[in-house]
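Trainee: Take this structure first; my questions come after.
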Amino acid sequence: MCGILGIASRTHDVFAEIYDGLLMLQHRGQDASGIVTYNGEFFREKKANGLVKDVFNASDAETLLGKIGMGHVRYPTAGSLSATEAQPFFVNAPYGIYLVHNGNITNTEEQREKVTAKYSRHLRTTSDSEVLLNVLADKVADAIKVNGNADPIRNLFAGVKMTMERVQGAYSVICLVAGVGMLAFRDPYGIRPLSVAKREAHVEGDDFAFASEDVAFGINGFDKLRDLRPGEAILIDLDGNMHEFQAVEGKLTPCIFEYVYLARPDSLLDGVSVYKTQMRMGQTLAKQIQDSGLEIDRIIPVPDSARPVALEAAKITGIPYREGLVKNRYVGRTFIMPGQAERQKSVRRKLNAVPLEFDGHNVLLIDDSIVRGNTIKKIVQMCREAGAKKVYIASASPPVKYPNVYGIDMPTKAELVANGKEIEEIREELGADALFYQNLDDLIWAAKEGNPEIESFDCSCFDGNYITGVDEDYLDSLENSSRVSKKREDMQVVGGSWNAAKLASG
Ligand SMILES: O=P(O)(O)OC[C@H]1O[C@H](OP(=O)(O)OP(=O)(O)O)[C@H](O)[C@@H]1O
Ligand SMILES: NC(=O)CC[C@H](N)C(=O)O
Ligand SMILES: [Mg+2]
């Protein structure tokens, strides 16, 4: 997952607003950050590995000038971890296009071959997003050949359509196009989120923004208009007019893991409240807990992401909800830190048990998901050390059994603790006295209740069904060293502990 954000203002420079908006999306990517602005004549860009607050400083407001701009926070799922693969990416023809991308392209190699061999382009990185940008550039150039250059918006929309017909995978994209404006589009299944918002700029007309999650709008005074439709493109021209275009027919199939963990609970994605979905996940889990007949003294969430689920499960079962684990707010998300050893240490650095809540009690820990199992395994040990009598665990989502190919850097199959194991074997591996998993049907119900018009969700990491169709070769390649998570592991082995500065030279 990555976070993307674009702002087109009628009245003022947008760097500071993009900075603030990116902070609201920081949870979507912590490896690299980038911003580009356009002042009607030149683009100004800055990108590097690191968090938004570390990459940018106040003096950037003096150089990143322009009333239109966009930003990216990166959590790599393809290519390398090098700072050169931080986004945005740029091609200088046609027009001059900058691109930011959230998602993952699954036919990158085939498309790379086309843009390099057939269109004689040179690609500078191994990033899938750079390939996507170059496919778009080729297709816009093809449209110019056919239509001439009198109507750039028509050419851009035609280019998006042809791109969507060629590129497979998940992509929510924002582009800045020199002399034209800001263009956004969402893949034909709408796998990753993207929405558009408006702010009145009084006599000058309206300001517009695009963002992965609508939490990035309020901070800058924007009101969400709507989610982009799957297969749709929207362009905001330099005079502040909004142009809409259904490039290809779409079928909304948003990634269900956004509601489990990726998105912030205060976001509304495709009309579905993340927070309310998590509460409903607590309701269905509560039923399983009640049916088990186990004697449970306390329900304890793994902070922060499991809190809404645990609160609701506690309310329904009548079992007291307790904050038995204290989170150190100065340690980052461990799921996205490289290296097995590093991750395991981090869990302990990040969470600590309150002995009072465990001593002599039967506790049920609830986490949003169990992926490799590192987090919950460590927590179970901690609870036992803190004196728990029985430690039961529950995952608010079903067993993660398959790699995600749409923009979440799930580990290889072999690393997933649920891969090829029965529930009882997983329980044993995790060292718990009982293990509950959400049923997939219940999870789908929880999300769908928020917007019954959504017919289906991408649940591929739970059920192995890839809606876009995925080549066996591509899936095989994920199991070898080309996987980003694997590269991070390798780095850990070779380079010792990870830090952003090392990546910058990578
Ligand atoms: O089974 P694992 O491979 O350990 O991964 C699962 C954990 O990863 C995430 O938490 P993480 O600690 O990354 O971040 P959080 O603090 O945002 O919950 C998620 O919330 C689970 O707790
Ligand atoms: N998680 C994402 O959306 C990543 C975008 C892109 N695939 C990259 O690796 O940079
Ligand atoms: Mg967690």
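Numbering starts fresh at 1 for the residues of each chain in the structure tokens, the chains themselves are lettered A, B, ... in the order given, and ligands are numbered from 1 as they appear.
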Extract, using only C-alpha atoms, all DNA, RNA and protein residues at most 10 Å from Leu262 in chain A, discarding same-chain residues fewer than 2 positions from it, and format them as a short mmCIF file (atom, residue, chain, number, x, y, z; two decimals) with C-alpha atoms, in the first residue's frame.
Mentor:
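Saved file result-v5.cif follows:
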data_model
loop_
_atom_site.label_atom_id
_atom_site.label_comp_id
_atom_site.auth_asym_id
_atom_site.auth_seq_id
_atom_site.Cartn_x
_atom_site.Cartn_y
_atom_site.Cartn_z
CA MET A 1 0.00 0.00 0.00
CA CYS A 2 1.04 3.53 -0.65
CA HIS A 27 0.20 4.91 7.71
CA ARG A 28 -0.01 3.74 4.06
CA GLY A 29 3.74 3.89 3.48
CA CYS A 255 -9.50 -4.90 -1.46
CA ILE A 256 -11.08 -6.13 1.77
CA PHE A 257 -7.77 -5.88 3.65
CA GLU A 258 -8.12 -2.08 3.47
CA TYR A 259 -10.96 -2.44 6.01
CA VAL A 260 -9.11 -4.98 8.14
CA ARG A 264 -7.45 4.44 8.91
CA PRO A 265 -10.66 3.74 10.87
CA VAL A 274 -13.69 1.39 8.03
CA SER A 305 -5.85 -1.63 14.95
CA ILE A 408 0.36 -5.18 -0.08
#
Trainee: Can you tell me, as a list of chain:residue names, which residues in range 354-438 of chain A count as strand (DSSP E) by DSSP?
Mentor: A:Asn362, A:Val363, A:Leu364, A:Leu365, A:Ile366, A:Asp367, A:Lys390, A:Val391, A:Tyr392, A:Ile393, A:Ala394, A:Ser395, A:Ala434, A:Leu435, A:Phe436, A:Tyr437
Trainee: Taking into account only C-alpha atoms, which residue in the set A:Met164, A:Ala117, A:Val215, A:Val36 is nearest to Ile68 in chain A?
Mentor: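 Closest candidate: A:Val36.
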Trainee: Could you tell me how far CA of Phe210 in chain A lies from CA of Ala93 in chain A, in Å and to one decimal?
Mentor: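 CA of Ala93 in chain A lies at a distance of 23.6 Å from CA of Phe210 in chain A.
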Trainee: Give me, as an mmCIF file with N, CA and C atoms, in the first residue's frame, all polymer residues having an atom no more than 12 Å from Val146 in chain A, counting only C-alpha atoms and skipping those fewer than 6 positions away in the same chain.
Mentor:
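Resulting contents of out.cif:
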data_model
loop_
_atom_site.group_PDB
_atom_site.id
_atom_site.type_symbol
_atom_site.label_atom_id
_atom_site.label_comp_id
_atom_site.auth_asym_id
_atom_site.auth_seq_id
_atom_site.Cartn_x
_atom_site.Cartn_y
_atom_site.Cartn_z
ATOM 1 N N LYS A 139 0.840 5.527 -24.944
ATOM 2 C CA LYS A 139 -0.544 5.491 -25.433
ATOM 3 C C LYS A 139 -1.072 6.914 -25.681
ATOM 4 N N VAL A 140 -0.664 7.867 -24.858
ATOM 5 C CA VAL A 140 -1.064 9.261 -25.119
ATOM 6 C C VAL A 140 -0.406 9.714 -26.427
ATOM 7 N N ARG A 154 -8.606 15.173 -24.485
ATOM 8 C CA ARG A 154 -9.098 14.008 -25.235
ATOM 9 C C ARG A 154 -7.970 12.986 -25.400
ATOM 10 N N ASN A 155 -6.763 13.475 -25.698
ATOM 11 C CA ASN A 155 -5.624 12.559 -25.877
ATOM 12 C C ASN A 155 -5.263 11.840 -24.579
ATOM 13 N N ALA A 158 -7.888 9.229 -23.950
ATOM 14 C CA ALA A 158 -7.698 8.092 -24.866
ATOM 15 C C ALA A 158 -6.491 7.261 -24.426
ATOM 16 N N GLY A 159 -5.448 7.947 -23.957
ATOM 17 C CA GLY A 159 -4.247 7.253 -23.477
ATOM 18 C C GLY A 159 -4.545 6.402 -22.247
#
Trainee: At a cut-off of 6 Å, using only C-alpha atoms, what residues contact range 43-58 of chain A? Leave out same-chain residues fewer than 2 positions from it and give the result as an MDAnalysis selection string.
Mentor: chainID A and resid 30:38 60:61 64 83 500 504
Trainee: Could you write out that same residue set with N, CA and C atoms as a PDB file, in the first residue's frame?
Mentor:
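Heads up, here's the output in again-v2.pdb:
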ATOM      1  N   GLN A  30       5.806   4.040   4.686  1.00  0.00           N
ATOM      2  CA  GLN A  30       6.760   4.734   5.544  1.00  0.00           C
ATOM      3  C   GLN A  30       8.184   4.651   5.029  1.00  0.00           C
ATOM      4  N   ASP A  31       8.343   4.067   3.832  1.00  0.00           N
ATOM      5  CA  ASP A  31       9.713   3.902   3.330  1.00  0.00           C
ATOM      6  C   ASP A  31      10.229   5.131   2.598  1.00  0.00           C
ATOM      7  N   ALA A  32       9.372   5.784   1.835  1.00  0.00           N
ATOM      8  CA  ALA A  32       9.834   6.930   1.049  1.00  0.00           C
ATOM      9  C   ALA A  32       8.697   7.925   0.888  1.00  0.00           C
ATOM     10  N   SER A  33       9.063   9.163   0.641  1.00  0.00           N
ATOM     11  CA  SER A  33       8.060  10.219   0.455  1.00  0.00           C
ATOM     12  C   SER A  33       8.499  11.104  -0.699  1.00  0.00           C
ATOM     13  N   GLY A  34       7.530  11.654  -1.419  1.00  0.00           N
ATOM     14  CA  GLY A  34       7.875  12.556  -2.520  1.00  0.00           C
ATOM     15  C   GLY A  34       6.757  13.547  -2.781  1.00  0.00           C
ATOM     16  N   ILE A  35       7.139  14.738  -3.241  1.00  0.00           N
ATOM     17  CA  ILE A  35       6.158  15.764  -3.632  1.00  0.00           C
ATOM     18  C   ILE A  35       6.648  16.421  -4.922  1.00  0.00           C
ATOM     19  N   VAL A  36       5.733  16.719  -5.834  1.00  0.00           N
ATOM     20  CA  VAL A  36       6.057  17.522  -7.014  1.00  0.00           C
ATOM     21  C   VAL A  36       5.008  18.621  -7.125  1.00  0.00           C
ATOM     22  N   THR A  37       5.466  19.820  -7.504  1.00  0.00           N
ATOM     23  CA  THR A  37       4.530  20.922  -7.726  1.00  0.00           C
ATOM     24  C   THR A  37       4.748  21.474  -9.133  1.00  0.00           C
ATOM     25  N   TYR A  38       3.750  22.205  -9.625  1.00  0.00           N
ATOM     26  CA  TYR A  38       3.826  22.765 -10.982  1.00  0.00           C
ATOM     27  C   TYR A  38       3.322  24.205 -10.913  1.00  0.00           C
ATOM     28  N   ASP A  60      11.542  23.878   2.034  1.00  0.00           N
ATOM     29  CA  ASP A  60      11.042  23.320   0.763  1.00  0.00           C
ATOM     30  C   ASP A  60       9.869  24.135   0.219  1.00  0.00           C
ATOM     31  N   ALA A  61       9.179  24.832   1.111  1.00  0.00           N
ATOM     32  CA  ALA A  61       8.046  25.663   0.667  1.00  0.00           C
ATOM     33  C   ALA A  61       8.539  26.769  -0.263  1.00  0.00           C
ATOM     34  N   LEU A  64       9.435  24.376  -3.692  1.00  0.00           N
ATOM     35  CA  LEU A  64       8.348  23.576  -4.286  1.00  0.00           C
ATOM     36  C   LEU A  64       7.139  24.483  -4.492  1.00  0.00           C
ATOM     37  N   ALA A  83      16.134   4.714  -3.172  1.00  0.00           N
ATOM     38  CA  ALA A  83      15.489   6.034  -3.205  1.00  0.00           C
ATOM     39  C   ALA A  83      15.138   6.450  -4.630  1.00  0.00           C
ATOM     40  N   ALA A 500      16.991   4.055   6.939  1.00  0.00           N
ATOM     41  CA  ALA A 500      16.624   4.719   5.686  1.00  0.00           C
ATOM     42  C   ALA A 500      17.852   5.190   4.912  1.00  0.00           C
ATOM     43  N   ALA A 504      18.897   4.654   0.923  1.00  0.00           N
ATOM     44  CA  ALA A 504      19.076   5.772  -0.001  1.00  0.00           C
ATOM     45  C   ALA A 504      20.225   5.501  -0.964  1.00  0.00           C
TER      46      ALA A 504
END
Trainee: Of the residues A:Ile289, A:Val326, A:Leu294, A:Met410, which is the one nearest to Phe436 in chain A, using only C-alpha atoms?
Mentor: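 Among A:Ile289, A:Val326, A:Leu294, A:Met410, it is A:Ile289 that comes nearest to Phe436 in chain A.
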Trainee: May I have the residues within 6 Å of ligand 2, computed using only C-alpha atoms and all ligand atoms, as a list in words?
Mentor: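 Checked against 6 Å with only C-alpha atoms and all ligand atoms; the hits are Met1, Cys2, Arg74, Tyr75, Pro76, Thr77, Ala78, His101, Asn102, Gly103, Asn104, Asp128, Ser129, Gly407 and Ile408 of chain A.
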Trainee: Hey, can you spit out that residue selection with C-alpha atoms as a PDB file, in the first residue's frame?
Mentor:
ATOM      1  CA  MET A   1       0.000   0.000   0.000  1.00  0.00           C
ATOM      2  CA  CYS A   2       1.041   3.533  -0.652  1.00  0.00           C
ATOM      3  CA  ARG A  74       5.743   4.620  -0.421  1.00  0.00           C
ATOM      4  CA  TYR A  75       5.578   1.120   0.906  1.00  0.00           C
ATOM      5  CA  PRO A  76       7.328  -0.831  -1.868  1.00  0.00           C
ATOM      6  CA  THR A  77       5.671  -3.854  -3.394  1.00  0.00           C
ATOM      7  CA  ALA A  78       7.717  -4.093  -6.580  1.00  0.00           C
ATOM      8  CA  HIS A 101       0.789   5.190  -8.039  1.00  0.00           C
ATOM      9  CA  ASN A 102      -0.806   3.078  -5.317  1.00  0.00           C
ATOM     10  CA  GLY A 103      -1.112  -0.590  -6.208  1.00  0.00           C
ATOM     11  CA  ASN A 104       0.880  -3.181  -8.031  1.00  0.00           C
ATOM     12  CA  ASP A 128       6.350  -1.219 -11.843  1.00  0.00           C
ATOM     13  CA  SER A 129       5.080   2.357 -11.474  1.00  0.00           C
ATOM     14  CA  GLY A 407      -0.107  -3.573  -3.485  1.00  0.00           C
ATOM     15  CA  ILE A 408       0.362  -5.177  -0.076  1.00  0.00           C
TER      16      ILE A 408
END
Trainee: Could you please extract the residues within 12 Å of ligand 3, counting only C-alpha atoms and all ligand atoms, and hand them back as a VMD selection string?
Mentor: chain A and resid 260 to 262 301 to 307 325 327 332 to 336 343 346 to 347 350 to 351 365 to 376 378 to 379 395 to 396
Trainee: Please save C-alpha atoms of the selected residues as a short mmCIF file (atom, residue, chain, number, x, y, z; two decimals), in the first residue's frame.
Mentor:
data_model
loop_
_atom_site.label_atom_id
_atom_site.label_comp_id
_atom_site.auth_asym_id
_atom_site.auth_seq_id
_atom_site.Cartn_x
_atom_site.Cartn_y
_atom_site.Cartn_z
CA VAL A 260 -9.11 -4.98 8.14
CA TYR A 261 -5.87 -3.09 8.60
CA LEU A 262 -4.58 -0.82 5.85
CA PRO A 301 -7.00 -5.81 21.95
CA VAL A 302 -3.60 -5.67 20.30
CA PRO A 303 -3.36 -1.90 19.92
CA ASP A 304 -4.27 0.06 17.90
CA SER A 305 -5.85 -1.63 14.95
CA ALA A 306 -7.87 -4.27 16.84
CA ARG A 307 -9.57 -1.89 19.28
CA LEU A 325 -1.04 -4.05 26.29
CA LYS A 327 2.01 0.52 22.92
CA GLY A 332 6.93 2.24 13.94
CA ARG A 333 4.76 -0.47 12.44
CA THR A 334 6.66 -3.73 12.67
CA PHE A 335 4.79 -5.47 9.86
CA ILE A 336 6.57 -3.26 7.39
CA ARG A 343 10.57 -7.65 13.32
CA SER A 346 10.35 -4.77 17.39
CA VAL A 347 7.23 -6.44 18.75
CA LYS A 350 6.58 -1.79 20.73
CA LEU A 351 4.21 -3.57 23.10
CA LEU A 365 -6.27 -11.34 22.80
CA ILE A 366 -7.75 -9.95 19.60
CA ASP A 367 -5.61 -8.73 16.70
CA ASP A 368 -6.78 -7.53 13.28
CA SER A 369 -4.79 -10.14 11.40
CA ILE A 370 -2.19 -12.86 11.77
CA VAL A 371 0.24 -12.84 8.87
CA ARG A 372 3.61 -14.35 9.69
CA GLY A 373 2.46 -14.84 13.27
CA ASN A 374 5.43 -12.99 14.76
CA THR A 375 3.39 -10.36 16.55
CA ILE A 376 0.85 -12.59 18.23
CA LYS A 378 5.51 -12.79 20.96
CA ILE A 379 2.47 -11.31 22.69
CA SER A 395 -7.86 -12.85 14.51
CA ALA A 396 -10.46 -10.38 13.27
#
Trainee: Using only C-alpha atoms, pick whichever of A:His202, A:His72, A:Arg298, A:Arg229 has the shortest atom-to-atom distance to Ala388 in chain A.
Mentor: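 Smallest distance to Ala388 in chain A is found for A:Arg298.
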Trainee: Using only C-alpha atoms, which protein or nucleic acid residues come within 12 Å of Arg384 in chain A? Drop anything in the same chain fewer than 6 positions from it, and give the result as a VMD selection string.
Mentor: chain A and resid 353 to 355 357 to 363 377 to 378 390 to 392 431 to 433
Trainee: Out of A:Gln26, A:Ser127, A:Asn39, A:Asn220, which residue has the shortest atom-to-atom distance to ligand 1 when counting only C-alpha atoms and all ligand atoms?
Mentor: A:Gln26
Trainee: A:Asp20, A:Glu415, A:Asp458, A:Glu165: which is nearest Gln111 in chain A, counting only C-alpha atoms?
Mentor: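 So, comparing all the options, the nearest one is A:Glu165.
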Trainee: Which residues come within 9 Å of Thr11 in chain A, counting only C-alpha atoms, excluding same-chain residues fewer than 3 positions away, as a ChimeraX atom specification?
Mentor: /A:67,201,204,207
Trainee: Based on the selection just made, write N, CA and C atoms of those residues as a compact mmCIF listing (two decimals), in the first residue's frame.
Mentor:
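So the final result, stored in part23.txt, reads:
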# COMPACT_ATOMS: atom_id res chain seq x y z
N LYS A 67 0.61 26.14 -7.78
CA LYS A 67 -0.76 26.02 -7.26
C LYS A 67 -1.32 24.63 -7.50
N ALA A 201 -13.23 28.13 -3.76
CA ALA A 201 -12.19 29.14 -3.69
C ALA A 201 -12.78 30.50 -4.05
N GLU A 204 -12.66 32.84 -7.52
CA GLU A 204 -11.71 32.23 -8.46
C GLU A 204 -12.18 30.88 -8.99
N ASP A 207 -11.38 24.62 -5.96
CA ASP A 207 -10.15 23.84 -5.83
C ASP A 207 -10.55 22.37 -5.79
Trainee: Mind pulling up the distance from CA of Pro193 in chain A to CA of Lys401 in chain A?
Mentor: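 Taking CA of Lys401 in chain A and CA of Pro193 in chain A, their separation equals 23.1 Å.
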Trainee: When you look at Leu235 in chain A with a cut-off of 12 Å (counting only C-alpha atoms), what residues show up, excluding the ones that are within fewer than 4 positions of it in the same chain? I need them as a ChimeraX atom specification.
Mentor: /A:6-8,152-157,160,173-177,180-185,196,208-210,228,239-246
Trainee: From the DSSP assignment of the backbone, select every residue of range 297-393 of chain A that is alpha helix (DSSP H), and format the answer as a PDB file with N, CA and C atoms, in the first residue's frame.
Mentor:
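Writing done, so here's selection-v5.pdb:
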ATOM      1  N   ARG A 307      -8.705  -2.448  18.218  1.00  0.00           N
ATOM      2  CA  ARG A 307      -9.574  -1.892  19.278  1.00  0.00           C
ATOM      3  C   ARG A 307     -11.059  -1.877  18.922  1.00  0.00           C
ATOM      4  N   PRO A 308     -11.460  -1.365  17.751  1.00  0.00           N
ATOM      5  CA  PRO A 308     -12.900  -1.348  17.464  1.00  0.00           C
ATOM      6  C   PRO A 308     -13.505  -2.752  17.460  1.00  0.00           C
ATOM      7  N   VAL A 309     -12.764  -3.718  16.947  1.00  0.00           N
ATOM      8  CA  VAL A 309     -13.239  -5.107  16.905  1.00  0.00           C
ATOM      9  C   VAL A 309     -13.421  -5.620  18.334  1.00  0.00           C
ATOM     10  N   ALA A 310     -12.411  -5.414  19.166  1.00  0.00           N
ATOM     11  CA  ALA A 310     -12.431  -5.943  20.528  1.00  0.00           C
ATOM     12  C   ALA A 310     -13.512  -5.279  21.366  1.00  0.00           C
ATOM     13  N   LEU A 311     -13.680  -3.976  21.184  1.00  0.00           N
ATOM     14  CA  LEU A 311     -14.715  -3.251  21.949  1.00  0.00           C
ATOM     15  C   LEU A 311     -16.086  -3.843  21.676  1.00  0.00           C
ATOM     16  N   GLU A 312     -16.355  -4.086  20.416  1.00  0.00           N
ATOM     17  CA  GLU A 312     -17.672  -4.593  20.036  1.00  0.00           C
ATOM     18  C   GLU A 312     -17.835  -6.043  20.503  1.00  0.00           C
ATOM     19  N   ALA A 313     -16.784  -6.845  20.359  1.00  0.00           N
ATOM     20  CA  ALA A 313     -16.868  -8.246  20.802  1.00  0.00           C
ATOM     21  C   ALA A 313     -17.112  -8.297  22.310  1.00  0.00           C
ATOM     22  N   ALA A 314     -16.472  -7.389  23.044  1.00  0.00           N
ATOM     23  CA  ALA A 314     -16.633  -7.371  24.503  1.00  0.00           C
ATOM     24  C   ALA A 314     -18.067  -6.958  24.859  1.00  0.00           C
ATOM     25  N   LYS A 315     -18.564  -5.968  24.144  1.00  0.00           N
ATOM     26  CA  LYS A 315     -19.927  -5.481  24.449  1.00  0.00           C
ATOM     27  C   LYS A 315     -20.940  -6.617  24.260  1.00  0.00           C
ATOM     28  N   ILE A 316     -20.784  -7.362  23.184  1.00  0.00           N
ATOM     29  CA  ILE A 316     -21.770  -8.399  22.876  1.00  0.00           C
ATOM     30  C   ILE A 316     -21.638  -9.615  23.790  1.00  0.00           C
ATOM     31  N   THR A 317     -20.407  -9.995  24.099  1.00  0.00           N
ATOM     32  CA  THR A 317     -20.228 -11.184  24.944  1.00  0.00           C
ATOM     33  C   THR A 317     -20.396 -10.856  26.428  1.00  0.00           C
ATOM     34  N   GLN A 340      13.345 -10.698   9.455  1.00  0.00           N
ATOM     35  CA  GLN A 340      12.617 -11.466  10.467  1.00  0.00           C
ATOM     36  C   GLN A 340      13.089 -11.118  11.886  1.00  0.00           C
ATOM     37  N   ALA A 341      14.405 -11.091  12.068  1.00  0.00           N
ATOM     38  CA  ALA A 341      14.943 -10.853  13.400  1.00  0.00           C
ATOM     39  C   ALA A 341      14.547  -9.473  13.886  1.00  0.00           C
ATOM     40  N   GLU A 342      14.661  -8.513  12.987  1.00  0.00           N
ATOM     41  CA  GLU A 342      14.320  -7.132  13.335  1.00  0.00           C
ATOM     42  C   GLU A 342      12.863  -7.028  13.755  1.00  0.00           C
ATOM     43  N   ARG A 343      11.988  -7.731  13.009  1.00  0.00           N
ATOM     44  CA  ARG A 343      10.569  -7.654  13.317  1.00  0.00           C
ATOM     45  C   ARG A 343      10.276  -8.244  14.689  1.00  0.00           C
ATOM     46  N   GLN A 344      10.923  -9.366  14.965  1.00  0.00           N
ATOM     47  CA  GLN A 344      10.622 -10.018  16.233  1.00  0.00           C
ATOM     48  C   GLN A 344      11.031  -9.141  17.408  1.00  0.00           C
ATOM     49  N   LYS A 345      12.190  -8.496  17.299  1.00  0.00           N
ATOM     50  CA  LYS A 345      12.628  -7.607  18.367  1.00  0.00           C
ATOM     51  C   LYS A 345      11.649  -6.450  18.522  1.00  0.00           C
ATOM     52  N   SER A 346      11.193  -5.958  17.367  1.00  0.00           N
ATOM     53  CA  SER A 346      10.353  -4.766  17.390  1.00  0.00           C
ATOM     54  C   SER A 346       9.060  -4.982  18.148  1.00  0.00           C
ATOM     55  N   VAL A 347       8.492  -6.184  18.049  1.00  0.00           N
ATOM     56  CA  VAL A 347       7.233  -6.438  18.750  1.00  0.00           C
ATOM     57  C   VAL A 347       7.426  -6.140  20.227  1.00  0.00           C
ATOM     58  N   ARG A 348       8.542  -6.598  20.763  1.00  0.00           N
ATOM     59  CA  ARG A 348       8.807  -6.418  22.188  1.00  0.00           C
ATOM     60  C   ARG A 348       9.073  -4.948  22.527  1.00  0.00           C
ATOM     61  N   ARG A 349       9.741  -4.276  21.585  1.00  0.00           N
ATOM     62  CA  ARG A 349      10.002  -2.851  21.806  1.00  0.00           C
ATOM     63  C   ARG A 349       8.704  -2.062  21.793  1.00  0.00           C
ATOM     64  N   LYS A 350       7.770  -2.569  21.007  1.00  0.00           N
ATOM     65  CA  LYS A 350       6.579  -1.795  20.733  1.00  0.00           C
ATOM     66  C   LYS A 350       5.457  -2.021  21.747  1.00  0.00           C
ATOM     67  N   ASN A 374       4.403 -13.506  13.830  1.00  0.00           N
ATOM     68  CA  ASN A 374       5.427 -12.986  14.758  1.00  0.00           C
ATOM     69  C   ASN A 374       4.832 -12.189  15.903  1.00  0.00           C
ATOM     70  N   THR A 375       3.918 -11.293  15.553  1.00  0.00           N
ATOM     71  CA  THR A 375       3.393 -10.361  16.553  1.00  0.00           C
ATOM     72  C   THR A 375       2.653 -11.124  17.646  1.00  0.00           C
ATOM     73  N   ILE A 376       1.713 -11.956  17.228  1.00  0.00           N
ATOM     74  CA  ILE A 376       0.851 -12.589  18.229  1.00  0.00           C
ATOM     75  C   ILE A 376       1.635 -13.633  19.049  1.00  0.00           C
ATOM     76  N   LYS A 377       2.574 -14.288  18.391  1.00  0.00           N
ATOM     77  CA  LYS A 377       3.377 -15.297  19.097  1.00  0.00           C
ATOM     78  C   LYS A 377       4.141 -14.644  20.255  1.00  0.00           C
ATOM     79  N   LYS A 378       4.741 -13.524  19.953  1.00  0.00           N
ATOM     80  CA  LYS A 378       5.513 -12.789  20.956  1.00  0.00           C
ATOM     81  C   LYS A 378       4.593 -12.298  22.076  1.00  0.00           C
ATOM     82  N   ILE A 379       3.402 -11.841  21.685  1.00  0.00           N
ATOM     83  CA  ILE A 379       2.472 -11.306  22.690  1.00  0.00           C
ATOM     84  C   ILE A 379       1.968 -12.429  23.605  1.00  0.00           C
ATOM     85  N   VAL A 380       1.729 -13.588  23.019  1.00  0.00           N
ATOM     86  CA  VAL A 380       1.286 -14.731  23.841  1.00  0.00           C
ATOM     87  C   VAL A 380       2.345 -15.023  24.913  1.00  0.00           C
ATOM     88  N   GLN A 381       3.608 -15.030  24.480  1.00  0.00           N
ATOM     89  CA  GLN A 381       4.692 -15.266  25.453  1.00  0.00           C
ATOM     90  C   GLN A 381       4.687 -14.213  26.551  1.00  0.00           C
ATOM     91  N   MET A 382       4.520 -12.966  26.122  1.00  0.00           N
ATOM     92  CA  MET A 382       4.518 -11.852  27.072  1.00  0.00           C
ATOM     93  C   MET A 382       3.410 -12.010  28.103  1.00  0.00           C
ATOM     94  N   CYS A 383       2.234 -12.434  27.606  1.00  0.00           N
ATOM     95  CA  CYS A 383       1.081 -12.582  28.511  1.00  0.00           C
ATOM     96  C   CYS A 383       1.334 -13.691  29.522  1.00  0.00           C
ATOM     97  N   ARG A 384       1.959 -14.738  29.055  1.00  0.00           N
ATOM     98  CA  ARG A 384       2.252 -15.844  29.985  1.00  0.00           C
ATOM     99  C   ARG A 384       3.250 -15.368  31.040  1.00  0.00           C
ATOM    100  N   GLU A 385       4.265 -14.631  30.579  1.00  0.00           N
ATOM    101  CA  GLU A 385       5.252 -14.105  31.538  1.00  0.00           C
ATOM    102  C   GLU A 385       4.591 -13.168  32.542  1.00  0.00           C
TER     103      GLU A 385
END
Trainee: With only C-alpha atoms and all ligand atoms as the atoms that count, which of A:Cys461, A:Leu478, A:Val331, A:Leu194 lies nearest to ligand 1?
Mentor: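 The closest residue to ligand 1 is A:Val331.
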